[in-house]
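Peer 1: Following this line is entry-v7.pdb, made up of PDB, C-alpha atoms:
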```pdb
ATOM      1  CA  MET K   1     111.621 131.730 130.634
ATOM      2  CA  ILE K   2     113.897 131.197 133.651
ATOM      3  CA  HIS K   3     116.660 133.787 133.851
ATOM      4  CA  LEU K   4     119.887 132.056 134.825
ATOM      5  CA  PHE K   5     121.094 134.970 136.924
ATOM      6  CA  SER K   6     118.036 134.693 139.167
ATOM      7  CA  PHE K   7     119.883 131.878 140.896
ATOM      8  CA  PHE K   8     122.431 134.393 142.150
ATOM      9  CA  ASP K   9     119.921 136.881 143.632
ATOM     10  CA  ASN K  10     120.627 135.676 147.156
ATOM     11  CA  SER K  11     123.961 136.468 148.736
ATOM     12  CA  CYS K  12     124.353 132.833 149.727
ATOM     13  CA  PHE K  13     124.665 130.417 146.724
ATOM     14  CA  THR K  14     123.551 127.070 148.175
ATOM     15  CA  MET K  15     124.084 123.536 146.880
ATOM     16  CA  MET K  16     120.385 123.444 145.948
ATOM     17  CA  ASN K  17     120.959 126.498 143.758
ATOM     18  CA  PHE K  18     123.826 124.692 142.069
ATOM     19  CA  VAL K  19     121.742 121.569 141.429
ATOM     20  CA  LEU K  20     118.925 123.618 139.930
ATOM     21  CA  LEU K  21     121.347 125.615 137.772
ATOM     22  CA  PHE K  22     122.993 122.418 136.500
ATOM     23  CA  ALA K  23     119.584 120.953 135.636
ATOM     24  CA  VAL K  24     118.561 124.063 133.697
ATOM     25  CA  LEU K  25     121.866 124.227 131.810
ATOM     26  CA  THR K  26     121.643 120.523 130.932
ATOM     27  CA  THR K  27     118.116 121.000 129.617
ATOM     28  CA  VAL K  28     119.010 124.086 127.585
ATOM     29  CA  LEU K  29     122.093 122.467 126.036
ATOM     30  CA  ALA K  30     120.316 119.191 125.311
ATOM     31  CA  VAL K  31     117.465 120.748 123.348
ATOM     32  CA  PRO K  32     119.308 121.045 119.989
ATOM     33  CA  GLN K  33     120.622 117.482 120.257
ATOM     34  CA  ASP K  34     117.225 116.108 121.260
ATOM     35  CA  HIS K  35     115.579 117.955 118.388
ATOM     36  CA  GLU K  36     118.085 116.539 115.884
ATOM     37  CA  TRP K  37     117.690 113.056 117.376
ATOM     38  CA  THR K  38     113.910 113.194 117.085
ATOM     39  CA  LYS K  39     114.126 114.499 113.526
ATOM     40  CA  PHE K  40     116.603 111.736 112.634
ATOM     41  CA  LYS K  41     114.345 108.982 114.007
ATOM     42  CA  VAL K  42     111.308 110.312 112.137
ATOM     43  CA  GLN K  43     113.151 110.904 108.854
ATOM     44  CA  PHE K  44     114.640 107.414 108.704
ATOM     45  CA  GLY K  45     111.923 105.473 110.534
ATOM     46  CA  LYS K  46     114.251 104.452 113.351
ATOM     47  CA  LYS K  47     112.804 102.284 116.094
ATOM     48  CA  TYR K  48     114.729 100.595 118.889
ATOM     49  CA  ALA K  49     113.789  97.477 120.823
ATOM     50  CA  THR K  50     114.646  98.787 124.292
ATOM     51  CA  ALA K  51     115.308 102.039 126.099
ATOM     52  CA  GLU K  52     118.886 100.857 126.658
ATOM     53  CA  GLU K  53     119.421 100.346 122.931
ATOM     54  CA  GLU K  54     118.007 103.766 122.125
ATOM     55  CA  ALA K  55     120.279 105.361 124.731
ATOM     56  CA  GLN K  56     123.284 103.667 123.145
ATOM     57  CA  ARG K  57     122.266 104.766 119.639
ATOM     58  CA  HIS K  58     121.618 108.298 120.860
ATOM     59  CA  SER K  59     125.086 108.453 122.418
ATOM     60  CA  ILE K  60     126.706 107.339 119.145
ATOM     61  CA  PHE K  61     124.552 109.814 117.208
ATOM     62  CA  VAL K  62     125.719 112.710 119.401
ATOM     63  CA  GLN K  63     129.363 111.714 118.983
ATOM     64  CA  ASN K  64     128.961 111.447 115.217
ATOM     65  CA  MET K  65     127.146 114.779 115.088
ATOM     66  CA  GLU K  66     130.114 116.465 116.733
ATOM     67  CA  LYS K  67     132.515 114.863 114.234
ATOM     68  CA  VAL K  68     130.308 115.986 111.343
ATOM     69  CA  LYS K  69     130.147 119.520 112.741
ATOM     70  CA  GLN K  70     133.919 119.750 113.079
ATOM     71  CA  HIS K  71     134.492 118.344 109.601
ATOM     72  CA  ASN K  72     131.980 120.680 107.959
ATOM     73  CA  GLU K  73     133.547 123.677 109.662
ATOM     74  CA  ARG K  74     136.787 122.683 107.948
ATOM     75  CA  ALA K  75     134.875 122.348 104.666
ATOM     76  CA  GLU K  76     133.464 125.869 105.072
ATOM     77  CA  ASN K  77     137.005 127.143 105.591
ATOM     78  CA  GLY K  78     138.151 125.418 102.395
ATOM     79  CA  GLU K  79     140.356 122.918 104.219
ATOM     80  CA  VAL K  80     138.552 119.863 102.815
ATOM     81  CA  SER K  81     136.659 119.345  99.548
ATOM     82  CA  TYR K  82     133.587 117.440 100.748
ATOM     83  CA  THR K  83     130.938 117.539 103.452
ATOM     84  CA  LEU K  84     129.501 114.990 105.854
ATOM     85  CA  GLY K  85     125.897 114.629 106.976
ATOM     86  CA  MET K  86     123.749 112.919 109.585
ATOM     87  CA  ASN K  87     122.382 110.289 107.210
ATOM     88  CA  LYS K  88     120.637 106.985 107.994
ATOM     89  CA  PHE K  89     123.940 105.525 109.241
ATOM     90  CA  ALA K  90     124.531 108.242 111.845
ATOM     91  CA  ASP K  91     123.553 106.027 114.800
ATOM     92  CA  LEU K  92     126.300 103.495 113.990
ATOM     93  CA  THR K  93     129.991 103.447 114.797
ATOM     94  CA  PHE K  94     132.183 102.714 111.800
ATOM     95  CA  GLU K  95     133.101  99.361 113.347
ATOM     96  CA  GLU K  96     129.417  98.409 113.443
ATOM     97  CA  PHE K  97     128.782  99.818 109.995
ATOM     98  CA  SER K  98     131.702  97.971 108.408
ATOM     99  CA  LYS K  99     130.432  94.587 109.624
ATOM    100  CA  THR K 100     127.128  94.869 107.772
ATOM    101  CA  HIS K 101     127.367  97.428 104.944
ATOM    102  CA  LEU K 102     130.625  96.678 103.093
ATOM    103  CA  GLY K 103     131.580  93.217 101.847
ATOM    104  CA  TYR K 104     134.618  93.153  99.549
ATOM    105  CA  SER K 105     136.689  90.189 100.724
ATOM    106  CA  ASN K 106     139.319  87.970  99.158
ATOM    107  CA  LYS K 107     139.329  85.379 101.920
ATOM    108  CA  GLY K 108     139.150  81.765 100.827
ATOM    109  CA  LYS K 109     139.057  80.689  97.196
ATOM    110  CA  VAL K 110     139.822  83.321  94.554
ATOM    111  CA  PRO K 111     139.741  83.031  90.754
ATOM    112  CA  ALA K 112     142.932  82.027  88.966
ATOM    113  CA  PRO K 113     145.202  84.964  88.057
ATOM    114  CA  ARG K 114     144.262  86.597  84.767
ATOM    115  CA  LYS K 115     146.168  88.662  82.253
ATOM    116  CA  HIS K 116     146.307  92.289  83.291
ATOM    117  CA  VAL K 117     144.933  94.846  80.854
ATOM    118  CA  LYS K 118     146.854  98.061  80.291
ATOM    119  CA  SER K 119     145.365 101.085  78.571
ATOM    120  CA  ASP K 120     146.930 104.418  77.697
ATOM    121  CA  GLY K 121     144.455 107.130  78.617
ATOM    122  CA  SER K 122     146.728 110.053  77.881
ATOM    123  CA  SER K 123     144.896 111.223  74.731
ATOM    124  CA  LEU K 124     141.281 110.705  75.775
ATOM    125  CA  ARG K 125     138.612 113.367  76.185
ATOM    126  CA  ASP K 126     138.365 115.293  79.440
ATOM    127  CA  CYS K 127     135.135 113.828  80.797
ATOM    128  CA  VAL K 128     133.017 110.689  80.482
ATOM    129  CA  ASP K 129     129.713 109.965  82.221
ATOM    130  CA  TRP K 130     127.990 106.594  81.715
ATOM    131  CA  ARG K 131     125.122 107.230  84.149
ATOM    132  CA  GLY K 132     122.728 107.488  81.241
ATOM    133  CA  PHE K 133     123.121 103.711  80.891
ATOM    134  CA  ALA K 134     122.585 103.047  84.604
ATOM    135  CA  THR K 135     119.667 101.352  86.316
ATOM    136  CA  LYS K 136     118.338 102.913  89.513
ATOM    137  CA  ILE K 137     120.533 102.992  92.613
ATOM    138  CA  ARG K 138     119.885 100.080  94.949
ATOM    139  CA  ASP K 139     120.572  99.499  98.648
ATOM    140  CA  GLN K 140     122.486  96.438  99.845
ATOM    141  CA  GLY K 141     121.027  96.840 103.348
ATOM    142  CA  LYS K 142     122.627  95.027 106.283
ATOM    143  CA  CYS K 143     124.350  92.494 104.070
ATOM    144  CA  GLY K 144     128.035  92.520 103.123
ATOM    145  CA  SER K 145     127.201  92.183  99.444
ATOM    146  CA  SER K 146     128.852  95.256  97.928
ATOM    147  CA  TRP K 147     130.899  92.913  95.730
ATOM    148  CA  ALA K 148     127.665  91.663  94.111
ATOM    149  CA  PHE K 149     126.317  95.190  93.526
ATOM    150  CA  SER K 150     129.630  96.292  92.039
ATOM    151  CA  ALA K 151     129.703  93.302  89.675
ATOM    152  CA  ILE K 152     126.056  93.736  88.672
ATOM    153  CA  ALA K 153     126.580  97.451  87.925
ATOM    154  CA  SER K 154     129.310  96.741  85.384
ATOM    155  CA  MET K 155     127.439  93.725  83.956
ATOM    156  CA  GLU K 156     124.258  95.776  83.482
ATOM    157  CA  PHE K 157     126.266  98.415  81.641
ATOM    158  CA  ALA K 158     127.959  95.849  79.393
ATOM    159  CA  HIS K 159     124.538  94.375  78.601
ATOM    160  CA  ALA K 160     123.059  97.815  77.852
ATOM    161  CA  LEU K 161     125.966  98.696  75.589
ATOM    162  CA  ALA K 162     125.675  95.391  73.707
ATOM    163  CA  THR K 163     121.881  95.277  73.369
ATOM    164  CA  GLY K 164     120.636  98.831  73.800
ATOM    165  CA  GLN K 165     118.421  97.634  76.681
ATOM    166  CA  ILE K 166     118.785  98.890  80.245
ATOM    167  CA  GLN K 167     117.666  96.076  82.534
ATOM    168  CA  GLU K 168     118.173  95.254  86.202
ATOM    169  CA  MET K 169     120.009  92.011  86.981
ATOM    170  CA  SER K 170     119.946  90.005  90.203
ATOM    171  CA  GLU K 171     122.442  90.635  92.992
ATOM    172  CA  GLN K 172     120.601  88.055  95.085
ATOM    173  CA  ASN K 173     121.384  85.411  92.448
ATOM    174  CA  LEU K 174     125.079  86.078  93.097
ATOM    175  CA  VAL K 175     124.667  86.204  96.888
ATOM    176  CA  ASP K 176     122.909  82.831  96.965
ATOM    177  CA  CYS K 177     124.690  80.908  94.224
ATOM    178  CA  SER K 178     128.329  81.922  93.703
ATOM    179  CA  GLY K 179     129.737  80.170  96.784
ATOM    180  CA  PRO K 180     131.476  77.446  94.739
ATOM    181  CA  GLU K 181     133.360  80.187  92.880
ATOM    182  CA  GLY K 182     134.649  81.648  96.162
ATOM    183  CA  ASP K 183     132.048  84.172  97.324
ATOM    184  CA  HIS K 184     130.499  84.193 100.799
ATOM    185  CA  GLY K 185     127.113  85.834 100.364
ATOM    186  CA  CYS K 186     126.476  88.489 102.999
ATOM    187  CA  GLU K 187     129.886  87.737 104.511
ATOM    188  CA  GLY K 188     131.734  89.155 101.510
ATOM    189  CA  GLY K 189     133.070  88.255  98.098
ATOM    190  CA  LEU K 190     134.907  89.332  94.972
ATOM    191  CA  MET K 191     133.687  90.899  91.759
ATOM    192  CA  ASP K 192     135.942  88.561  89.773
ATOM    193  CA  SER K 193     134.317  85.556  91.471
ATOM    194  CA  ALA K 194     130.906  86.941  90.540
ATOM    195  CA  PHE K 195     131.998  87.331  86.907
ATOM    196  CA  ASN K 196     133.491  83.848  86.944
ATOM    197  CA  TYR K 197     130.246  82.394  88.302
ATOM    198  CA  THR K 198     128.254  84.117  85.566
ATOM    199  CA  VAL K 199     130.543  82.725  82.851
ATOM    200  CA  ILE K 200     130.473  79.169  84.248
ATOM    201  CA  ASN K 201     126.763  79.243  85.105
ATOM    202  CA  GLY K 202     125.616  80.355  81.675
ATOM    203  CA  GLY K 203     124.292  83.699  82.920
ATOM    204  CA  ILE K 204     122.393  85.289  85.803
ATOM    205  CA  ASP K 205     118.718  85.953  86.355
ATOM    206  CA  THR K 206     116.973  89.319  86.178
ATOM    207  CA  GLU K 207     116.155  91.312  89.296
ATOM    208  CA  ALA K 208     112.448  90.921  88.575
ATOM    209  CA  SER K 209     112.705  87.124  88.546
ATOM    210  CA  TYR K 210     115.151  86.861  91.456
ATOM    211  CA  PRO K 211     114.625  89.933  93.697
ATOM    212  CA  TYR K 212     117.053  91.127  96.326
ATOM    213  CA  ILE K 213     116.213  90.283  99.959
ATOM    214  CA  GLY K 214     119.526  91.134 101.621
ATOM    215  CA  ILE K 215     120.094  87.844 103.465
ATOM    216  CA  ASP K 216     121.754  84.558 102.555
ATOM    217  CA  ASP K 217     119.245  82.164 101.010
ATOM    218  CA  ASP K 218     119.188  78.911  99.054
ATOM    219  CA  CYS K 219     120.140  79.198  95.396
ATOM    220  CA  HIS K 220     117.143  79.090  93.061
ATOM    221  CA  PHE K 221     118.676  80.211  89.768
ATOM    222  CA  ASN K 222     116.391  79.498  86.807
ATOM    223  CA  LYS K 223     117.822  79.367  83.270
ATOM    224  CA  LYS K 224     114.442  80.475  81.910
ATOM    225  CA  ASN K 225     114.964  83.841  83.612
ATOM    226  CA  VAL K 226     118.506  84.579  82.459
ATOM    227  CA  GLY K 227     118.973  88.296  81.792
ATOM    228  CA  LEU K 228     122.531  88.244  80.468
ATOM    229  CA  THR K 229     125.480  85.976  79.794
ATOM    230  CA  LEU K 230     129.234  86.648  79.825
ATOM    231  CA  THR K 231     132.013  85.210  77.725
ATOM    232  CA  SER K 232     134.824  86.318  80.056
ATOM    233  CA  TYR K 233     136.124  89.121  82.224
ATOM    234  CA  ALA K 234     139.352  91.126  82.474
ATOM    235  CA  ASP K 235     141.531  92.488  85.269
ATOM    236  CA  LEU K 236     143.402  95.772  85.101
ATOM    237  CA  ALA K 237     147.007  96.141  86.215
ATOM    238  CA  PRO K 238     146.885  96.685  89.999
ATOM    239  CA  GLY K 239     147.542 100.274  91.029
ATOM    240  CA  ASP K 240     147.664 101.534  87.429
ATOM    241  CA  GLU K 241     145.275 104.473  87.545
ATOM    242  CA  LEU K 242     146.185 105.532  84.014
ATOM    243  CA  SER K 243     145.000 102.151  82.697
ATOM    244  CA  LEU K 244     141.853 102.563  84.762
ATOM    245  CA  PHE K 245     141.342 106.002  83.228
ATOM    246  CA  GLY K 246     141.658 104.621  79.706
ATOM    247  CA  THR K 247     139.314 101.735  80.458
ATOM    248  CA  VAL K 248     136.589 103.915  81.981
ATOM    249  CA  TYR K 249     136.658 105.879  78.721
ATOM    250  CA  GLU K 250     135.102 102.770  77.150
ATOM    251  CA  ARG K 251     133.025 101.126  79.893
ATOM    252  CA  VAL K 252     131.931 100.946  83.528
ATOM    253  CA  VAL K 253     134.550  99.260  85.721
ATOM    254  CA  SER K 254     134.098  97.389  89.008
ATOM    255  CA  VAL K 255     136.620  98.462  91.662
ATOM    256  CA  ALA K 256     137.344  97.942  95.338
ATOM    257  CA  ILE K 257     138.186 100.759  97.743
ATOM    258  CA  GLN K 258     138.912 101.214 101.407
ATOM    259  CA  ALA K 259     135.705 102.649 102.844
ATOM    260  CA  THR K 260     136.181 104.870 105.913
ATOM    261  CA  PHE K 261     134.035 106.606 108.527
ATOM    262  CA  GLU K 262     134.069 109.698 106.307
ATOM    263  CA  LEU K 263     132.560 107.724 103.429
ATOM    264  CA  GLN K 264     129.878 106.323 105.765
ATOM    265  CA  LEU K 265     128.597 109.852 106.420
ATOM    266  CA  TYR K 266     129.612 111.470 103.098
ATOM    267  CA  SER K 267     126.970 113.915 101.870
ATOM    268  CA  GLY K 268     128.542 115.724  98.924
ATOM    269  CA  GLY K 269     131.578 117.255  97.285
ATOM    270  CA  ILE K 270     134.793 115.690  96.017
ATOM    271  CA  PHE K 271     135.785 112.930  98.411
ATOM    272  CA  SER K 272     139.505 113.147  99.176
ATOM    273  CA  SER K 273     139.922 111.451 102.547
ATOM    274  CA  VAL K 274     143.326 109.889 103.176
ATOM    275  CA  CYS K 275     143.273 106.104 103.643
ATOM    276  CA  GLU K 276     145.873 103.630 104.842
ATOM    277  CA  THR K 277     148.921 102.847 102.711
ATOM    278  CA  PRO K 278     148.594 100.321 101.264
ATOM    279  CA  ALA K 279     144.813 100.643 101.237
ATOM    280  CA  GLN K 280     142.859  97.943 103.084
ATOM    281  CA  LEU K 281     140.244  97.151 100.457
ATOM    282  CA  ASN K 282     136.847  96.415 102.025
ATOM    283  CA  HIS K 283     134.102  97.718  99.737
ATOM    284  CA  GLY K 284     133.028  97.095  96.150
ATOM    285  CA  VAL K 285     131.762  99.970  93.968
ATOM    286  CA  ALA K 286     131.652 100.816  90.256
ATOM    287  CA  ILE K 287     133.197 103.701  88.312
ATOM    288  CA  PHE K 288     130.733 105.337  85.905
ATOM    289  CA  GLY K 289     132.951 108.060  84.544
ATOM    290  CA  TYR K 290     135.500 110.773  85.229
ATOM    291  CA  ASP K 291     135.705 114.551  85.124
ATOM    292  CA  SER K 292     137.653 117.573  86.394
ATOM    293  CA  GLN K 293     135.895 120.025  88.711
ATOM    294  CA  ASP K 294     136.908 122.663  91.256
ATOM    295  CA  GLY K 295     140.589 122.008  90.722
ATOM    296  CA  TYR K 296     140.264 118.228  91.182
ATOM    297  CA  ASP K 297     140.428 115.339  88.755
ATOM    298  CA  LEU K 298     137.724 112.926  89.879
ATOM    299  CA  TRP K 299     135.982 109.595  89.397
ATOM    300  CA  ILE K 300     132.178 109.286  89.277
ATOM    301  CA  ILE K 301     131.514 106.308  91.536
ATOM    302  CA  ARG K 302     128.239 104.447  92.024
ATOM    303  CA  ASN K 303     127.611 103.046  95.507
ATOM    304  CA  SER K 304     125.045 100.580  96.879
ATOM    305  CA  TRP K 305     123.775 102.398  99.986
ATOM    306  CA  GLY K 306     120.587 103.802  98.457
ATOM    307  CA  GLU K 307     119.648 107.030  96.677
ATOM    308  CA  ASP K 308     119.498 108.875  99.996
ATOM    309  CA  TRP K 309     123.244 108.489 100.520
ATOM    310  CA  GLY K 310     125.807 110.897  99.094
ATOM    311  CA  GLU K 311     124.945 112.623  95.821
ATOM    312  CA  ASP K 312     121.855 110.627  94.859
ATOM    313  CA  GLY K 313     123.733 107.384  95.526
ATOM    314  CA  TYR K 314     127.005 108.475  93.889
ATOM    315  CA  VAL K 315     130.261 109.953  95.163
ATOM    316  CA  ARG K 316     132.714 112.173  93.333
ATOM    317  CA  PHE K 317     136.052 110.616  94.224
ATOM    318  CA  ALA K 318     139.434 112.332  93.847
ATOM    319  CA  ARG K 319     141.472 110.850  90.973
ATOM    320  CA  GLY K 320     145.196 110.713  90.310
ATOM    321  CA  GLN K 321     146.811 109.322  93.471
ATOM    322  CA  ASN K 322     145.116 105.914  93.649
ATOM    323  CA  LEU K 323     143.003 107.238  96.516
ATOM    324  CA  CYS K 324     141.909 104.487  98.928
ATOM    325  CA  GLY K 325     143.226 101.842  96.513
ATOM    326  CA  VAL K 326     140.689 102.615  93.773
ATOM    327  CA  ALA K 327     142.947 101.110  91.075
ATOM    328  CA  ASP K 328     144.229  98.132  93.082
ATOM    329  CA  ALA K 329     141.530  95.597  92.151
ATOM    330  CA  ALA K 330     139.750  96.875  89.043
ATOM    331  CA  SER K 331     138.014  94.531  86.581
ATOM    332  CA  TYR K 332     135.179  94.393  84.068
ATOM    333  CA  PRO K 333     132.959  91.793  82.395
ATOM    334  CA  VAL K 334     132.950  90.913  78.708
ATOM    335  CA  ILE K 335     129.670  90.061  76.978
TER
END
```
Can you give me the file's structure in the form of structure tokens?
Peer 2:
Amino acid sequence: MIHLFSFFDNSCFTMMNFVLLFAVLTTVLAVPQDHEWTKFKVQFGKKYATAEEEAQRHSIFVQNMEKVKQHNERAENGEVSYTLGMNKFADLTFEEFSKTHLGYSNKGKVPAPRKHVKSDGSSLRDCVDWRGFATKIRDQGKCGSSWAFSAIASMEFAHALATGQIQEMSEQNLVDCSGPEGDHGCEGGLMDSAFNYTVINGGIDTEASYPYIGIDDDCHFNKKNVGLTLTSYADLAPGDELSLFGTVYERVVSVAIQATFELQLYSGGIFSSVCETPAQLNHGVAIFGYDSQDGYDLWIIRNSWGEDWGEDGYVRFARGQNLCGVADAASYPVI
């Protein structure tokens, strides 16, 4: 091992000494980052087309790693209630991530306004968890189709509750076919438009018959493969978290939230990041229950970024202050 103070053995510290010292310090300090970068690439199978692209991704990774470190130090000190991690999205800026991994959008045609449902949840039990009725967590990939995954999650639950059968339904069917109802495939959409399509279309196909590919494709819906049908859908009163609470007591609910950089790299705990006011809704998810833990009231939220994100694909989300607009665009399907 080179001893740093050996560079100062001579009475005259030359420029060459300085250059050598700088090189050694750079190497020593870079080792932890390089190790983490190598581990990250192996763990998530990351490959880059050019050396320039890898250098750019590495630079973003290092910046994100510093943000994660600072945040987790605050978590250790009890200043925040959740942790961040260097997950598969750690080589992306949030601006890049938001272009390809979100997808809630109300641009263009939207369904006609519907009657808002109100529910009094003041006398309900303390916790509800519908994950026992859930299919496996899926990954929307680099397609802005969170709206489709949110809609499918609540439709699958409604089907399971009505029939006793847990079966995967096709997000790709919605991505490819619900354009006339106002959705835009991988460029975004609305859960209500997805429900409306399913009502008008006479159902949607199963995942097995119409598998997800994560790109826009031609519609090839087949009535022979219909997995479920809907009679209607309902909207909740915007911003009414008490109504949302009462509704989740009975069923899974599709909601939109404002996803942030912190959610991109969320690894565990009770997510309580402050969003804009009013929230800029950009991501569709589904609420699978509620609970109270560690001094927080919380929602149990299912995401569509794979099982290796968050808490096995879920996030515990602080409840009670309409965090990130969670109650601003809530709806559910009716079988």
Peer 1: On this structure, which residues satisfy the PyMOL selection byres ((chain K and resi 130) around 10), written as an NGL selection string?
Peer 2: :K and (128-129 or 131-134 or 157 or 248-252 or 287-290 or 300)
Peer 1: Only C-alpha atoms, please: the residues just picked out, written as a compact mmCIF listing (two decimals), in the coordinates of the input.
Peer 2:
```txt
# COMPACT_ATOMS: atom_id res chain seq x y z
CA VAL K 128 133.02 110.69 80.48
CA ASP K 129 129.71 109.96 82.22
CA ARG K 131 125.12 107.23 84.15
CA GLY K 132 122.73 107.49 81.24
CA PHE K 133 123.12 103.71 80.89
CA ALA K 134 122.58 103.05 84.60
CA PHE K 157 126.27 98.42 81.64
CA VAL K 248 136.59 103.92 81.98
CA TYR K 249 136.66 105.88 78.72
CA GLU K 250 135.10 102.77 77.15
CA ARG K 251 133.02 101.13 79.89
CA VAL K 252 131.93 100.95 83.53
CA ILE K 287 133.20 103.70 88.31
CA PHE K 288 130.73 105.34 85.90
CA GLY K 289 132.95 108.06 84.54
CA TYR K 290 135.50 110.77 85.23
CA ILE K 300 132.18 109.29 89.28
```
Peer 1: Going by the chain IDs and residue numbers used in this file, which residues fall under the PyMOL selection byres ((chain K and resi 87) around 9)? Write them as an NGL selection string.
Peer 2: :K and (40 or 44 or 84-86 or 88-91 or 264-267 or 308-310)
Peer 1: Taking only C-alpha atoms into account, which of K:Val255, K:Ile200, K:Ala51, K:Leu102 comes nearest Thr231 of chain K?
Peer 2: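 Of the candidates, the smallest distance to Thr231 of chain K is held by K:Ile200.
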Peer 1: Kindly resolve the PyMOL selection byres ((chain K and resi 282) around 12) on the present coordinates and return the residues as a PDB file with C-alpha atoms, keeping the file's coordinate frame.
Peer 2:
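Saved the output as part07.pdb:
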```pdb
ATOM      1  CA  PHE K  97     128.782  99.818 109.995  1.00  0.00           C
ATOM      2  CA  SER K  98     131.702  97.971 108.408  1.00  0.00           C
ATOM      3  CA  LYS K  99     130.432  94.587 109.624  1.00  0.00           C
ATOM      4  CA  THR K 100     127.128  94.869 107.772  1.00  0.00           C
ATOM      5  CA  HIS K 101     127.367  97.428 104.944  1.00  0.00           C
ATOM      6  CA  LEU K 102     130.625  96.678 103.093  1.00  0.00           C
ATOM      7  CA  GLY K 103     131.580  93.217 101.847  1.00  0.00           C
ATOM      8  CA  TYR K 104     134.618  93.153  99.549  1.00  0.00           C
ATOM      9  CA  SER K 105     136.689  90.189 100.724  1.00  0.00           C
ATOM     10  CA  ASN K 106     139.319  87.970  99.158  1.00  0.00           C
ATOM     11  CA  LYS K 107     139.329  85.379 101.920  1.00  0.00           C
ATOM     12  CA  GLY K 144     128.035  92.520 103.123  1.00  0.00           C
ATOM     13  CA  SER K 145     127.201  92.183  99.444  1.00  0.00           C
ATOM     14  CA  SER K 146     128.852  95.256  97.928  1.00  0.00           C
ATOM     15  CA  TRP K 147     130.899  92.913  95.730  1.00  0.00           C
ATOM     16  CA  GLU K 187     129.886  87.737 104.511  1.00  0.00           C
ATOM     17  CA  GLY K 188     131.734  89.155 101.510  1.00  0.00           C
ATOM     18  CA  GLY K 189     133.070  88.255  98.098  1.00  0.00           C
ATOM     19  CA  LEU K 190     134.907  89.332  94.972  1.00  0.00           C
ATOM     20  CA  VAL K 255     136.620  98.462  91.662  1.00  0.00           C
ATOM     21  CA  ALA K 256     137.344  97.942  95.338  1.00  0.00           C
ATOM     22  CA  ILE K 257     138.186 100.759  97.743  1.00  0.00           C
ATOM     23  CA  GLN K 258     138.912 101.214 101.407  1.00  0.00           C
ATOM     24  CA  ALA K 259     135.705 102.649 102.844  1.00  0.00           C
ATOM     25  CA  THR K 260     136.181 104.870 105.913  1.00  0.00           C
ATOM     26  CA  CYS K 275     143.273 106.104 103.643  1.00  0.00           C
ATOM     27  CA  GLU K 276     145.873 103.630 104.842  1.00  0.00           C
ATOM     28  CA  ALA K 279     144.813 100.643 101.237  1.00  0.00           C
ATOM     29  CA  GLN K 280     142.859  97.943 103.084  1.00  0.00           C
ATOM     30  CA  LEU K 281     140.244  97.151 100.457  1.00  0.00           C
ATOM     31  CA  HIS K 283     134.102  97.718  99.737  1.00  0.00           C
ATOM     32  CA  GLY K 284     133.028  97.095  96.150  1.00  0.00           C
ATOM     33  CA  VAL K 285     131.762  99.970  93.968  1.00  0.00           C
ATOM     34  CA  CYS K 324     141.909 104.487  98.928  1.00  0.00           C
ATOM     35  CA  GLY K 325     143.226 101.842  96.513  1.00  0.00           C
ATOM     36  CA  VAL K 326     140.689 102.615  93.773  1.00  0.00           C
ATOM     37  CA  ASP K 328     144.229  98.132  93.082  1.00  0.00           C
ATOM     38  CA  ALA K 329     141.530  95.597  92.151  1.00  0.00           C
TER      39      ALA K 329
END
```
Peer 1: Kindly indicate which residue among K:Ser273, K:Thr50, K:Ser232, K:Gln293 lies nearest to Leu323 of chain K, using all atoms listed in the file for the distances.
Peer 2: K:Ser273
Peer 1: Have a look at atom CA of Glu241 of chain K and atom CA of Ser178 of chain K and let me know their distance in Å, one decimal.
Peer 2: 28.9 Å
Peer 1: If you measure from atom CA of Lys41 of chain K to atom CA of Leu92 of chain K, what distance in Å do you get, rounded to one decimal?
Peer 2: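 For atom CA of Lys41 of chain K relative to atom CA of Leu92 of chain K, the distance reads 13.2 Å.
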Peer 1: In the coordinates of the file, take the point (132.4, 122.1, 106.9) and a cut-off of 12 Å; then, counting only C-alpha atoms, name each qualifying protein, DNA or RNA residue as a list in words.
Peer 2: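 Those residues, ordered by chain and then number, are Glu66, Lys67, Val68, Lys69, Gln70, His71, Asn72, Glu73, Arg74, Ala75, Glu76, Asn77, Gly78, Glu79, Val80, Ser81, Tyr82, Thr83, Leu84, Gly85, Tyr266, Ser267, Gly268 and Gly269 of chain K.
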Peer 1: Hey, can you check how far atom CA of Tyr233 of chain K sits from atom CA of Phe149 of chain K?
Peer 2: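 Taking atom CA of Tyr233 of chain K and atom CA of Phe149 of chain K, their separation equals 16.1 Å.
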Peer 1: Every residue with an atom at most 9 Å from (129.0, 107.0, 94.6) (file coordinates; only C-alpha atoms) is what I'm after, so could you write them as JSON, numbers by chain?
Peer 2: {"K": [285, 286, 287, 300, 301, 302, 303, 304, 305, 309, 310, 311, 312, 313, 314, 315, 316, 317]}
Peer 1: Residues at most 9 Å from Met169 of chain K, counting all atoms listed in the file, excluding those fewer than 6 positions away in the same chain, as a short mmCIF file (atom, residue, chain, number, x, y, z; two decimals) with C-alpha atoms, in the frame of the given file?
Peer 2:
```cif
data_model
loop_
_atom_site.label_atom_id
_atom_site.label_comp_id
_atom_site.auth_asym_id
_atom_site.auth_seq_id
_atom_site.Cartn_x
_atom_site.Cartn_y
_atom_site.Cartn_z
CA ILE K 152 126.06 93.74 88.67
CA ALA K 153 126.58 97.45 87.92
CA MET K 155 127.44 93.72 83.96
CA GLU K 156 124.26 95.78 83.48
CA ILE K 204 122.39 85.29 85.80
CA ASP K 205 118.72 85.95 86.36
CA THR K 206 116.97 89.32 86.18
CA GLU K 207 116.16 91.31 89.30
CA ALA K 208 112.45 90.92 88.58
CA SER K 209 112.70 87.12 88.55
CA TYR K 210 115.15 86.86 91.46
CA PRO K 211 114.62 89.93 93.70
CA VAL K 226 118.51 84.58 82.46
CA GLY K 227 118.97 88.30 81.79
CA LEU K 228 122.53 88.24 80.47
#
```
